file model_30.cif (mmCIF, C-alpha atoms (C1' of nucleotides))
data_final
#
loop_
_atom_site.group_PDB
_atom_site.id
_atom_site.type_symbol
_atom_site.label_atom_id
_atom_site.label_comp_id
_atom_site.auth_asym_id
_atom_site.auth_seq_id
_atom_site.Cartn_x
_atom_site.Cartn_y
_atom_site.Cartn_z
ATOM 1 C CA MET A 1 125.484 49.572 74.833
ATOM 2 C CA HIS A 2 123.751 50.089 71.482
ATOM 3 C CA ILE A 3 122.400 53.360 70.148
ATOM 4 C CA LYS A 4 118.831 52.830 71.273
ATOM 5 C CA ASP A 5 119.881 52.141 74.862
ATOM 6 C CA LEU A 6 122.034 55.243 74.905
ATOM 7 C CA ALA A 7 119.225 57.338 73.470
ATOM 8 C CA GLU A 8 116.788 56.118 76.088
ATOM 9 C CA ARG A 9 119.154 56.657 78.986
ATOM 10 C CA ALA A 10 120.024 60.130 77.803
ATOM 11 C CA GLY A 11 116.444 61.035 76.970
ATOM 12 C CA VAL A 12 116.894 61.788 73.277
ATOM 13 C CA THR A 13 115.996 60.074 69.999
ATOM 14 C CA VAL A 14 118.226 57.709 68.100
ATOM 15 C CA ARG A 15 118.256 60.203 65.260
ATOM 16 C CA ALA A 16 119.513 62.929 67.561
ATOM 17 C CA VAL A 17 122.399 60.750 68.716
ATOM 18 C CA ARG A 18 123.458 60.130 65.135
ATOM 19 C CA TYR A 19 123.150 63.836 64.442
ATOM 20 C CA TYR A 20 125.467 64.666 67.349
ATOM 21 C CA GLU A 21 127.932 62.184 65.936
ATOM 22 C CA SER A 22 127.759 63.908 62.552
ATOM 23 C CA ARG A 23 128.611 67.152 64.344
ATOM 24 C CA GLY A 24 131.655 65.523 65.889
ATOM 25 C CA LEU A 25 130.309 65.418 69.444
ATOM 26 C CA ILE A 26 130.441 61.646 70.011
ATOM 27 C CA THR A 27 132.534 59.005 68.314
ATOM 28 C CA PRO A 28 131.403 55.524 69.335
ATOM 29 C CA ARG A 29 133.529 52.514 68.612
ATOM 30 C CA ARG A 30 132.105 49.960 66.195
ATOM 31 C CA GLU A 31 131.285 46.334 66.772
ATOM 32 C CA PRO A 32 132.405 43.793 64.151
ATOM 33 C CA ASN A 33 128.934 43.972 62.591
ATOM 34 C CA GLY A 34 129.122 47.731 62.229
ATOM 35 C CA TYR A 35 126.838 48.578 65.149
ATOM 36 C CA ARG A 36 127.765 51.618 67.239
ATOM 37 C CA ALA A 37 128.858 50.763 70.775
ATOM 38 C CA TYR A 38 128.685 53.260 73.645
ATOM 39 C CA ASP A 39 129.841 53.288 77.251
ATOM 40 C CA ASP A 40 128.355 54.905 80.350
ATOM 41 C CA ALA A 41 130.364 58.090 79.933
ATOM 42 C CA ASP A 42 128.653 58.713 76.600
ATOM 43 C CA VAL A 43 125.316 58.995 78.393
ATOM 44 C CA GLY A 44 126.666 61.978 80.298
ATOM 45 C CA VAL A 45 127.983 63.546 77.138
ATOM 46 C CA VAL A 46 124.650 63.302 75.371
ATOM 47 C CA ARG A 47 122.787 64.650 78.384
ATOM 48 C CA GLU A 48 125.180 67.576 78.550
ATOM 49 C CA VAL A 49 124.720 68.320 74.852
ATOM 50 C CA ARG A 50 120.942 68.241 75.268
ATOM 51 C CA ALA A 51 121.090 70.628 78.187
ATOM 52 C CA LEU A 52 123.304 73.063 76.332
ATOM 53 C CA LEU A 53 121.195 72.974 73.188
ATOM 54 C CA SER A 54 118.138 73.774 75.273
ATOM 55 C CA LEU A 55 120.036 76.826 76.511
ATOM 56 C CA GLY A 56 120.119 78.005 72.929
ATOM 57 C CA MET A 57 123.649 76.969 72.080
ATOM 58 C CA THR A 58 124.455 75.462 68.714
ATOM 59 C CA ALA A 59 125.949 71.993 68.400
ATOM 60 C CA GLU A 60 129.210 73.679 67.487
ATOM 61 C CA GLU A 61 129.244 75.695 70.697
ATOM 62 C CA THR A 62 128.910 72.588 72.856
ATOM 63 C CA HIS A 63 132.315 71.266 71.796
ATOM 64 C CA PRO A 64 134.339 72.706 74.675
ATOM 65 C CA PHE A 65 131.963 71.152 77.217
ATOM 66 C CA VAL A 66 132.169 67.760 75.570
ATOM 67 C CA GLU A 67 135.943 67.920 75.492
ATOM 68 C CA CYS A 68 135.969 68.928 79.131
ATOM 69 C CA LEU A 69 134.002 65.807 80.021
ATOM 70 C CA ARG A 70 136.179 63.608 77.861
ATOM 71 C CA ALA A 71 139.227 65.030 79.619
ATOM 72 C CA GLY A 72 138.004 63.244 82.719
ATOM 73 C CA ASN A 73 136.253 66.049 84.580
ATOM 74 C CA ASP A 74 133.059 65.207 86.417
ATOM 75 C CA ARG A 75 131.527 68.515 85.356
ATOM 76 C CA ALA A 76 131.519 69.717 81.776
ATOM 77 C CA ASP A 77 131.772 73.381 82.670
ATOM 78 C CA VAL A 78 134.767 73.538 84.965
ATOM 79 C CA CYS A 79 137.234 73.998 82.120
ATOM 80 C CA PRO A 80 138.301 77.489 81.062
ATOM 81 C CA ALA A 81 137.007 76.929 77.542
ATOM 82 C CA SER A 82 133.589 76.069 78.927
ATOM 83 C CA LEU A 83 133.487 79.228 80.999
ATOM 84 C CA SER A 84 134.406 81.206 77.888
ATOM 85 C CA ALA A 85 131.627 79.498 75.993
ATOM 86 C CA TYR A 86 129.146 80.483 78.708
ATOM 87 C CA ARG A 87 130.328 84.075 78.532
ATOM 88 C CA ARG A 88 130.122 84.156 74.759
ATOM 89 C CA ARG A 89 126.625 82.799 74.861
ATOM 90 C CA ILE A 90 125.593 85.337 77.505
ATOM 91 C CA ALA A 91 127.013 88.079 75.308
ATOM 92 C CA GLU A 92 125.028 86.757 72.349
ATOM 93 C CA VAL A 93 121.860 86.714 74.392
ATOM 94 C CA ASP A 94 122.530 90.248 75.625
ATOM 95 C CA ALA A 95 123.085 91.430 72.074
ATOM 96 C CA ARG A 96 119.887 89.776 70.929
ATOM 97 C CA ILE A 97 117.925 91.293 73.804
ATOM 98 C CA ALA A 98 119.316 94.709 72.900
ATOM 99 C CA GLU A 99 118.251 94.242 69.285
ATOM 100 C CA LEU A 100 114.773 93.178 70.286
ATOM 101 C CA THR A 101 114.455 96.025 72.748
ATOM 102 C CA ALA A 102 115.380 98.541 70.063
ATOM 103 C CA LEU A 103 112.920 96.854 67.730
ATOM 104 C CA ARG A 104 110.224 97.056 70.353
ATOM 105 C CA GLY A 105 110.868 100.768 70.658
ATOM 106 C CA GLN A 106 110.508 101.287 66.925
ATOM 107 C CA LEU A 107 107.289 99.287 66.858
ATOM 108 C CA THR A 108 105.687 101.174 69.722
ATOM 109 C CA ASP A 109 106.704 104.478 68.098
ATOM 110 C CA LEU A 110 105.079 103.420 64.858
ATOM 111 C CA LEU A 111 101.994 102.245 66.695
ATOM 112 C CA VAL A 112 101.636 105.510 68.579
ATOM 113 C CA GLN A 113 102.171 107.545 65.415
ATOM 114 C CA ALA A 114 99.580 105.556 63.529
ATOM 115 C CA GLU A 115 97.066 105.857 66.347
ATOM 116 C CA THR A 116 97.701 109.575 66.612
ATOM 117 C CA TYR A 117 97.262 110.003 62.881
ATOM 118 C CA ARG A 118 93.965 108.160 62.990
ATOM 119 C CA THR A 119 92.675 110.261 65.867
ATOM 120 C CA HIS A 120 93.607 113.639 64.469
ATOM 121 C CA GLU A 121 93.505 113.379 60.718
ATOM 122 C CA GLU A 122 91.098 110.631 59.907
ATOM 123 C CA THR A 123 88.504 112.944 58.355
ATOM 124 C CA ALA A 124 90.864 115.758 57.357
ATOM 125 C CA MET B 1 107.882 100.064 34.645
ATOM 126 C CA HIS B 2 109.682 96.718 34.475
ATOM 127 C CA ILE B 3 110.825 94.646 37.422
ATOM 128 C CA LYS B 4 114.387 95.919 37.474
ATOM 129 C CA ASP B 5 113.263 99.548 37.613
ATOM 130 C CA LEU B 6 110.868 98.776 40.434
ATOM 131 C CA ALA B 7 113.551 96.926 42.343
ATOM 132 C CA GLU B 8 115.990 99.813 42.002
ATOM 133 C CA ARG B 9 113.456 102.445 43.035
ATOM 134 C CA ALA B 10 112.375 100.402 46.030
ATOM 135 C CA GLY B 11 115.899 99.456 46.996
ATOM 136 C CA VAL B 12 115.542 95.682 46.788
ATOM 137 C CA THR B 13 116.697 92.968 44.410
ATOM 138 C CA VAL B 14 114.725 91.640 41.480
ATOM 139 C CA ARG B 15 114.653 88.287 43.186
ATOM 140 C CA ALA B 16 113.091 89.808 46.280
ATOM 141 C CA VAL B 17 110.313 91.388 44.228
ATOM 142 C CA ARG B 18 109.462 88.051 42.666
ATOM 143 C CA TYR B 19 109.521 86.474 46.095
ATOM 144 C CA TYR B 20 107.032 89.051 47.410
ATOM 145 C CA GLU B 21 104.823 88.262 44.465
ATOM 146 C CA SER B 22 104.997 84.557 45.287
ATOM 147 C CA ARG B 23 103.819 85.460 48.795
ATOM 148 C CA GLY B 24 100.848 87.313 47.352
ATOM 149 C CA LEU B 25 102.063 90.814 48.252
ATOM 150 C CA ILE B 26 102.191 92.296 44.741
ATOM 151 C CA THR B 27 100.369 91.267 41.590
ATOM 152 C CA PRO B 28 101.713 93.153 38.582
ATOM 153 C CA ARG B 29 99.830 93.200 35.301
ATOM 154 C CA ARG B 30 101.535 91.510 32.372
ATOM 155 C CA GLU B 31 102.617 92.969 29.078
ATOM 156 C CA PRO B 32 101.791 91.006 25.907
ATOM 157 C CA ASN B 33 105.282 89.505 25.964
ATOM 158 C CA GLY B 34 104.836 88.242 29.498
ATOM 159 C CA TYR B 35 106.946 90.891 31.221
ATOM 160 C CA ARG B 36 105.725 92.145 34.587
ATOM 161 C CA ALA B 37 104.557 95.765 34.538
ATOM 162 C CA TYR B 38 104.435 97.934 37.679
ATOM 163 C CA ASP B 39 103.156 101.405 38.490
ATOM 164 C CA ASP B 40 104.372 104.024 40.933
ATOM 165 C CA ALA B 41 102.136 102.778 43.739
ATOM 166 C CA ASP B 42 103.940 99.449 43.658
ATOM 167 C CA VAL B 43 107.167 101.161 44.658
ATOM 168 C CA GLY B 44 105.534 102.248 47.893
ATOM 169 C CA VAL B 45 104.211 98.749 48.524
ATOM 170 C CA VAL B 46 107.620 97.164 48.123
ATOM 171 C CA ARG B 47 109.268 99.779 50.337
ATOM 172 C CA GLU B 48 106.649 99.174 52.997
ATOM 173 C CA VAL B 49 107.192 95.423 52.833
ATOM 174 C CA ARG B 50 110.967 95.902 53.166
ATOM 175 C CA ALA B 51 110.521 98.147 56.164
ATOM 176 C CA LEU B 52 108.214 95.693 57.903
ATOM 177 C CA LEU B 53 110.468 92.723 57.196
ATOM 178 C CA SER B 54 113.360 94.613 58.730
ATOM 179 C CA LEU B 55 111.184 95.018 61.809
ATOM 180 C CA GLY B 56 111.180 91.258 62.079
ATOM 181 C CA MET B 57 107.760 90.612 60.590
ATOM 182 C CA THR B 58 107.210 87.715 58.228
ATOM 183 C CA ALA B 59 105.972 88.244 54.683
ATOM 184 C CA GLU B 60 102.645 86.834 55.834
ATOM 185 C CA GLU B 61 102.344 89.430 58.582
ATOM 186 C CA THR B 62 102.788 92.319 56.144
ATOM 187 C CA HIS B 63 99.545 91.532 54.332
ATOM 188 C CA PRO B 64 97.303 93.923 56.281
ATOM 189 C CA PHE B 65 99.669 96.821 55.591
ATOM 190 C CA VAL B 66 99.778 96.089 51.886
ATOM 191 C CA GLU B 67 96.003 95.853 51.736
ATOM 192 C CA CYS B 68 95.743 99.124 53.616
ATOM 193 C CA LEU B 69 97.889 100.826 50.973
ATOM 194 C CA ARG B 70 95.975 99.225 48.141
ATOM 195 C CA ALA B 71 92.755 100.481 49.719
ATOM 196 C CA GLY B 72 93.943 103.966 48.850
ATOM 197 C CA ASN B 73 95.414 105.110 52.159
ATOM 198 C CA ASP B 74 98.560 107.180 52.033
ATOM 199 C CA ARG B 75 99.902 105.379 55.084
ATOM 200 C CA ALA B 76 100.003 101.602 55.369
ATOM 201 C CA ASP B 77 99.451 101.543 59.109
ATOM 202 C CA VAL B 78 96.345 103.638 59.603
ATOM 203 C CA CYS B 79 93.994 100.690 59.155
ATOM 204 C CA PRO B 80 92.743 98.765 62.209
ATOM 205 C CA ALA B 81 94.218 95.538 60.884
ATOM 206 C CA SER B 82 97.633 97.184 60.660
ATOM 207 C CA LEU B 83 97.429 98.411 64.238
ATOM 208 C CA SER B 84 96.540 94.887 65.319
ATOM 209 C CA ALA B 85 99.519 93.553 63.399
ATOM 210 C CA TYR B 86 101.790 96.012 65.209
ATOM 211 C CA ARG B 87 100.407 94.918 68.562
ATOM 212 C CA ARG B 88 100.788 91.247 67.744
ATOM 213 C CA ARG B 89 104.368 91.798 66.718
ATOM 214 C CA ILE B 90 105.106 93.769 69.883
ATOM 215 C CA ALA B 91 103.655 90.912 71.920
ATOM 216 C CA GLU B 92 105.868 88.448 70.072
ATOM 217 C CA VAL B 93 108.930 90.572 70.736
ATOM 218 C CA ASP B 94 108.006 90.865 74.406
ATOM 219 C CA ALA B 95 107.614 87.113 74.664
ATOM 220 C CA ARG B 96 110.959 86.548 73.017
ATOM 221 C CA ILE B 97 112.668 89.051 75.300
ATOM 222 C CA ALA B 98 111.169 87.271 78.298
ATOM 223 C CA GLU B 99 112.489 83.936 77.051
ATOM 224 C CA LEU B 100 115.943 85.332 76.466
ATOM 225 C CA THR B 101 115.973 87.033 79.845
ATOM 226 C CA ALA B 102 115.129 83.764 81.570
ATOM 227 C CA LEU B 103 117.814 82.050 79.532
ATOM 228 C CA ARG B 104 120.328 84.684 80.525
ATOM 229 C CA GLY B 105 119.518 84.032 84.139
ATOM 230 C CA GLN B 106 120.126 80.309 83.759
ATOM 231 C CA LEU B 107 123.394 80.929 81.979
ATOM 232 C CA THR B 108 124.737 83.327 84.598
ATOM 233 C CA ASP B 109 123.716 80.881 87.324
ATOM 234 C CA LEU B 110 125.632 78.122 85.618
ATOM 235 C CA LEU B 111 128.612 80.374 85.084
ATOM 236 C CA VAL B 112 128.709 81.409 88.717
ATOM 237 C CA GLN B 113 128.357 77.807 89.880
ATOM 238 C CA ALA B 114 131.151 76.659 87.630
ATOM 239 C CA GLU B 115 133.434 79.475 88.733
ATOM 240 C CA THR B 116 132.670 78.763 92.370
ATOM 241 C CA TYR B 117 133.371 75.079 91.886
ATOM 242 C CA ARG B 118 136.704 75.854 90.272
ATOM 243 C CA THR B 119 137.718 78.189 93.058
ATOM 244 C CA HIS B 120 136.809 75.915 95.921
ATOM 245 C CA GLU B 121 137.254 72.378 94.741
ATOM 246 C CA GLU B 122 139.799 72.517 91.999
ATOM 247 C CA THR B 123 142.463 70.648 93.947
ATOM 248 C CA ALA B 124 140.142 68.771 96.303
ATOM 249 C "C1'" DC C 1 122.831 89.651 12.049
ATOM 250 C "C1'" DT C 2 124.677 89.784 16.357
ATOM 251 C "C1'" DT C 3 125.702 91.334 20.791
ATOM 252 C "C1'" DG C 4 124.090 92.638 25.189
ATOM 253 C "C1'" DA C 5 120.845 93.820 28.473
ATOM 254 C "C1'" DC C 6 116.676 92.797 29.612
ATOM 255 C "C1'" DC C 7 112.854 89.365 30.757
ATOM 256 C "C1'" DT C 8 110.597 84.478 31.833
ATOM 257 C "C1'" DT C 9 109.889 79.981 34.768
ATOM 258 C "C1'" DG C 10 112.084 76.309 37.396
ATOM 259 C "C1'" DA C 11 114.786 74.592 40.769
ATOM 260 C "C1'" DC C 12 118.688 73.863 44.083
ATOM 261 C "C1'" DG C 13 121.425 75.982 48.105
ATOM 262 C "C1'" DC C 14 121.744 77.890 52.702
ATOM 263 C "C1'" DT C 15 121.145 77.503 58.294
ATOM 264 C "C1'" DG C 16 119.781 74.098 62.667
ATOM 265 C "C1'" DG C 17 118.288 70.215 64.634
ATOM 266 C "C1'" DG C 18 116.609 66.757 63.789
ATOM 267 C "C1'" DG C 19 111.739 63.822 61.714
ATOM 268 C "C1'" DT C 20 110.650 60.457 58.766
ATOM 269 C "C1'" DC C 21 110.716 57.141 55.319
ATOM 270 C "C1'" DA C 22 113.493 53.661 52.292
ATOM 271 C "C1'" DA C 23 115.891 49.498 51.638
ATOM 272 C "C1'" DG C 24 118.446 46.222 53.505
ATOM 273 C "C1'" DG C 25 121.651 43.496 57.051
ATOM 274 C "C1'" DT C 26 121.770 41.214 61.978
ATOM 275 C "C1'" DT C 27 120.502 39.125 65.995
ATOM 276 C "C1'" DT C 28 117.332 37.248 69.363
ATOM 277 C "C1'" DA C 29 113.452 34.643 70.730
ATOM 278 C "C1'" DC C 30 110.118 31.180 70.046
ATOM 279 C "C1'" DG D 1 112.663 28.854 60.135
ATOM 280 C "C1'" DT D 2 110.581 32.947 60.666
ATOM 281 C "C1'" DA D 3 108.911 37.003 62.815
ATOM 282 C "C1'" DA D 4 110.133 40.873 65.837
ATOM 283 C "C1'" DA D 5 113.131 44.186 67.066
ATOM 284 C "C1'" DC D 6 117.280 45.763 66.420
ATOM 285 C "C1'" DC D 7 120.965 47.999 63.479
ATOM 286 C "C1'" DT D 8 123.139 50.408 59.050
ATOM 287 C "C1'" DT D 9 123.640 54.403 55.394
ATOM 288 C "C1'" DG D 10 121.305 57.564 52.355
ATOM 289 C "C1'" DA D 11 118.360 61.053 51.383
ATOM 290 C "C1'" DC D 12 114.283 64.137 51.347
ATOM 291 C "C1'" DC D 13 111.300 67.481 54.450
ATOM 292 C "C1'" DC D 14 110.539 71.531 57.557
ATOM 293 C "C1'" DC D 15 110.852 77.089 58.400
ATOM 294 C "C1'" DA D 16 112.234 82.208 55.857
ATOM 295 C "C1'" DG D 17 113.903 84.960 52.605
ATOM 296 C "C1'" DC D 18 115.927 85.189 49.350
ATOM 297 C "C1'" DG D 19 120.969 84.108 46.277
ATOM 298 C "C1'" DT D 20 122.307 81.972 42.394
ATOM 299 C "C1'" DC D 21 122.607 79.363 38.409
ATOM 300 C "C1'" DA D 22 120.102 77.135 34.164
ATOM 301 C "C1'" DA D 23 117.970 77.420 29.814
ATOM 302 C "C1'" DG D 24 115.638 80.101 26.892
ATOM 303 C "C1'" DG D 25 112.523 84.212 24.957
ATOM 304 C "C1'" DT D 26 112.472 89.506 23.771
ATOM 305 C "C1'" DC D 27 114.005 93.821 22.304
ATOM 306 C "C1'" DA D 28 116.789 98.043 21.049
ATOM 307 C "C1'" DA D 29 121.288 99.407 19.156
ATOM 308 C "C1'" DG D 30 124.928 99.084 15.813
#

call {"tool": "encode", "arguments": {"input": "model_30.cif", "output": "structure tokens"}}
result
Amino acid sequence: MHIKDLAERAGVTVRAVRYYESRGLITPRREPNGYRAYDDADVGVVREVRALLSLGMTAEETHPFVECLRAGNDRADVCPASLSAYRRRIAEVDARIAELTALRGQLTDLLVQAETYRTHEETA
Amino acid sequence: MHIKDLAERAGVTVRAVRYYESRGLITPRREPNGYRAYDDADVGVVREVRALLSLGMTAEETHPFVECLRAGNDRADVCPASLSAYRRRIAEVDARIAELTALRGQLTDLLVQAETYRTHEETA
DNA sequence: CTTGACCTTGACGCTGGGGTCAAGGTTTAC
DNA sequence: GTAAACCTTGACCCCAGCGTCAAGGTCAAG
């Protein structure tokens, strides 16, 4: 299977596939003419990477899942390292939500203060 | 006042001041030798910009506040446009929190599924 | 006169995940 | 034999907010 076929089956662009390779997520063998050659398992890998990226993970963070698949598992997330990666990501999201919530509080405080100032001291 | 003095008083780097200028947030007059010259009011502008950026606003979004200060107000957020900018930013933060919350839900679902799978089918 | 501390504009680097040419080699189909 | 549809590597572009040189002008102190 050539790169375009893989990309179509996995639902990504050819460019994306090459990008994943540059991040060390797929390593296709090469045909004598230099063309990349993929097998069916690679389709699953690319799909998994896509799914994880859409969950906000970085390419780097998808490594454990990819290795889990390559180890022969039918699910990418049954390995301990994958579970850890999920937990780390959840912790990141929680931290980000906490930051944004604090930020929201500061913004509403500022808004209320500014509105109050306008109401009471506008013509002072 | 030269750029380094302004930067020190406002608590930012010289580079940051020039960046704000490139974004149209400050427009110092020039001395005959080409040096930028600032007045005391500019210190307040730069501080305000810093504060708003740390609240997650973009340089673009700080414009109304800067204009409010330049209009002679002692507070940058008493102008209607500033209040609107606060509200827009709050809405953005809310939207982002909603996204992250949904994401968190997906992640915990996946985590639970993977853990369940491991517990019940590991040796199947 | 020279050092040193300023100042100027210009321009590349960084982070993520690719988009989008460029320029050229290969293979397939007619 | 040639056009279409592939494939290859290389490299610049995007977004934000600067950091960090580069190369050179200015100015006060000794």

call {"tool": "calpha_fit_and_write", "arguments": {"input": "model_30.cif", "fixed": "chain B", "moving": "chain A", "output": "CSV table (one decimal) with C-alpha atoms, in the frame of the given file"}}
result
chain,number,residue,atom,x,y,z
A,1,MET,CA,107.5,100.1,34.6
A,2,HIS,CA,109.4,96.8,34.4
A,3,ILE,CA,110.7,94.7,37.3
A,4,LYS,CA,114.2,96.1,37.3
A,5,ASP,CA,113.0,99.7,37.5
A,6,LEU,CA,110.6,98.9,40.3
A,7,ALA,CA,113.4,97.1,42.2
A,8,GLU,CA,115.7,100.1,41.8
A,9,ARG,CA,113.2,102.6,42.9
A,10,ALA,CA,112.2,100.6,45.9
A,11,GLY,CA,115.8,99.7,46.8
A,12,VAL,CA,115.5,96.0,46.6
A,13,THR,CA,116.7,93.2,44.2
A,14,VAL,CA,114.7,91.9,41.3
A,15,ARG,CA,114.7,88.5,43.0
A,16,ALA,CA,113.2,90.0,46.2
A,17,VAL,CA,110.4,91.5,44.1
A,18,ARG,CA,109.6,88.2,42.6
A,19,TYR,CA,109.7,86.6,46.0
A,20,TYR,CA,107.2,89.1,47.4
A,21,GLU,CA,104.9,88.2,44.5
A,22,SER,CA,105.2,84.5,45.3
A,23,ARG,CA,104.1,85.4,48.8
A,24,GLY,CA,101.1,87.2,47.4
A,25,LEU,CA,102.2,90.7,48.3
A,26,ILE,CA,102.2,92.2,44.8
A,27,THR,CA,100.4,91.1,41.7
A,28,PRO,CA,101.6,93.0,38.6
A,29,ARG,CA,99.7,92.9,35.4
A,30,ARG,CA,101.4,91.3,32.4
A,31,GLU,CA,102.4,92.8,29.1
A,32,PRO,CA,101.6,90.8,25.9
A,33,ASN,CA,105.1,89.4,26.0
A,34,GLY,CA,104.8,88.2,29.5
A,35,TYR,CA,106.8,90.9,31.2
A,36,ARG,CA,105.6,92.1,34.6
A,37,ALA,CA,104.3,95.7,34.5
A,38,TYR,CA,104.2,97.9,37.7
A,39,ASP,CA,102.8,101.3,38.5
A,40,ASP,CA,104.0,104.0,40.9
A,41,ALA,CA,101.9,102.7,43.7
A,42,ASP,CA,103.8,99.4,43.7
A,43,VAL,CA,107.0,101.2,44.6
A,44,GLY,CA,105.3,102.2,47.8
A,45,VAL,CA,104.1,98.7,48.5
A,46,VAL,CA,107.6,97.2,48.1
A,47,ARG,CA,109.2,99.9,50.2
A,48,GLU,CA,106.6,99.2,52.9
A,49,VAL,CA,107.3,95.5,52.8
A,50,ARG,CA,111.0,96.1,53.1
A,51,ALA,CA,110.6,98.3,56.1
A,52,LEU,CA,108.3,95.8,57.8
A,53,LEU,CA,110.6,92.9,57.1
A,54,SER,CA,113.5,94.9,58.6
A,55,LEU,CA,111.4,95.2,61.7
A,56,GLY,CA,111.5,91.5,62.0
A,57,MET,CA,108.0,90.7,60.6
A,58,THR,CA,107.5,87.8,58.2
A,59,ALA,CA,106.2,88.3,54.7
A,60,GLU,CA,103.0,86.8,55.9
A,61,GLU,CA,102.6,89.5,58.6
A,62,THR,CA,103.0,92.3,56.2
A,63,HIS,CA,99.7,91.5,54.4
A,64,PRO,CA,97.5,93.8,56.4
A,65,PHE,CA,99.8,96.8,55.6
A,66,VAL,CA,99.8,96.0,51.9
A,67,GLU,CA,96.1,95.7,51.8
A,68,CYS,CA,95.8,99.0,53.7
A,69,LEU,CA,97.8,100.7,51.0
A,70,ARG,CA,95.9,99.0,48.2
A,71,ALA,CA,92.7,100.3,49.8
A,72,GLY,CA,93.8,103.8,48.9
A,73,ASN,CA,95.3,104.9,52.2
A,74,ASP,CA,98.4,107.1,52.0
A,75,ARG,CA,99.8,105.3,55.1
A,76,ALA,CA,100.0,101.5,55.4
A,77,ASP,CA,99.5,101.5,59.1
A,78,VAL,CA,96.4,103.5,59.6
A,79,CYS,CA,94.0,100.6,59.2
A,80,PRO,CA,92.9,98.6,62.3
A,81,ALA,CA,94.4,95.4,61.0
A,82,SER,CA,97.8,97.1,60.7
A,83,LEU,CA,97.6,98.4,64.3
A,84,SER,CA,96.7,94.8,65.4
A,85,ALA,CA,99.7,93.5,63.4
A,86,TYR,CA,102.0,96.0,65.2
A,87,ARG,CA,100.6,94.9,68.6
A,88,ARG,CA,101.0,91.3,67.7
A,89,ARG,CA,104.6,91.9,66.7
A,90,ILE,CA,105.3,93.8,69.8
A,91,ALA,CA,103.9,91.0,71.9
A,92,GLU,CA,106.1,88.5,70.0
A,93,VAL,CA,109.2,90.7,70.7
A,94,ASP,CA,108.2,91.0,74.3
A,95,ALA,CA,107.8,87.2,74.6
A,96,ARG,CA,111.2,86.6,72.9
A,97,ILE,CA,112.9,89.1,75.2
A,98,ALA,CA,111.4,87.4,78.2
A,99,GLU,CA,112.7,84.0,77.0
A,100,LEU,CA,116.1,85.4,76.4
A,101,THR,CA,116.2,87.1,79.8
A,102,ALA,CA,115.3,83.9,81.5
A,103,LEU,CA,117.9,82.1,79.5
A,104,ARG,CA,120.5,84.7,80.5
A,105,GLY,CA,119.6,84.1,84.1
A,106,GLN,CA,120.2,80.4,83.7
A,107,LEU,CA,123.5,81.0,82.0
A,108,THR,CA,124.8,83.3,84.6
A,109,ASP,CA,123.7,80.9,87.3
A,110,LEU,CA,125.6,78.1,85.6
A,111,LEU,CA,128.6,80.3,85.2
A,112,VAL,CA,128.7,81.3,88.8
A,113,GLN,CA,128.2,77.8,90.0
A,114,ALA,CA,131.0,76.5,87.8
A,115,GLU,CA,133.4,79.3,88.9
A,116,THR,CA,132.5,78.6,92.5
A,117,TYR,CA,133.1,74.9,92.1
A,118,ARG,CA,136.5,75.6,90.5
A,119,THR,CA,137.5,78.0,93.3
A,120,HIS,CA,136.5,75.7,96.2
A,121,GLU,CA,136.8,72.2,95.0
A,122,GLU,CA,139.4,72.2,92.3
A,123,THR,CA,142.0,70.2,94.4
A,124,ALA,CA,139.6,68.5,96.7

call {"tool": "atom_distance", "arguments": {"input": "model_30.cif", "atom1": "atom CA of Ala81 of chain A", "atom2": "atom CA of Leu25 of chain A"}}
result
15.6 Å

call {"tool": "atom_distance", "arguments": {"input": "model_30.cif", "atom1": "atom CA of Tyr19 of chain B", "atom2": "atom CA of Ala114 of chain A"}}
result
27.7 Å

call {"tool": "resolve_selection", "arguments": {"input": "model_30.cif", "expression": "the PyMOL selection byres ((chain A) within 12 of (chain B))", "output": "count of residues only"}}
result
58

call {"tool": "resolve_selection", "arguments": {"input": "model_30.cif", "expression": "the PyMOL selection byres ((chain A) within 8 of (chain C))", "output": "VMD selection string"}}
result
chain A and resid 15 to 16 19 33 58

call {"tool": "atom_distance", "arguments": {"input": "model_30.cif", "atom1": "atom CA of Arg9 of chain B", "atom2": "atom C1' of DA16 of chain D"}}
result
24.0 Å

call {"tool": "resolve_selection", "arguments": {"input": "model_30.cif", "expression": "the PyMOL selection byres ((chain D) within 10 of (chain B))", "output": "PyMOL selection string"}}
result
chain D and resi 16-20+25-26
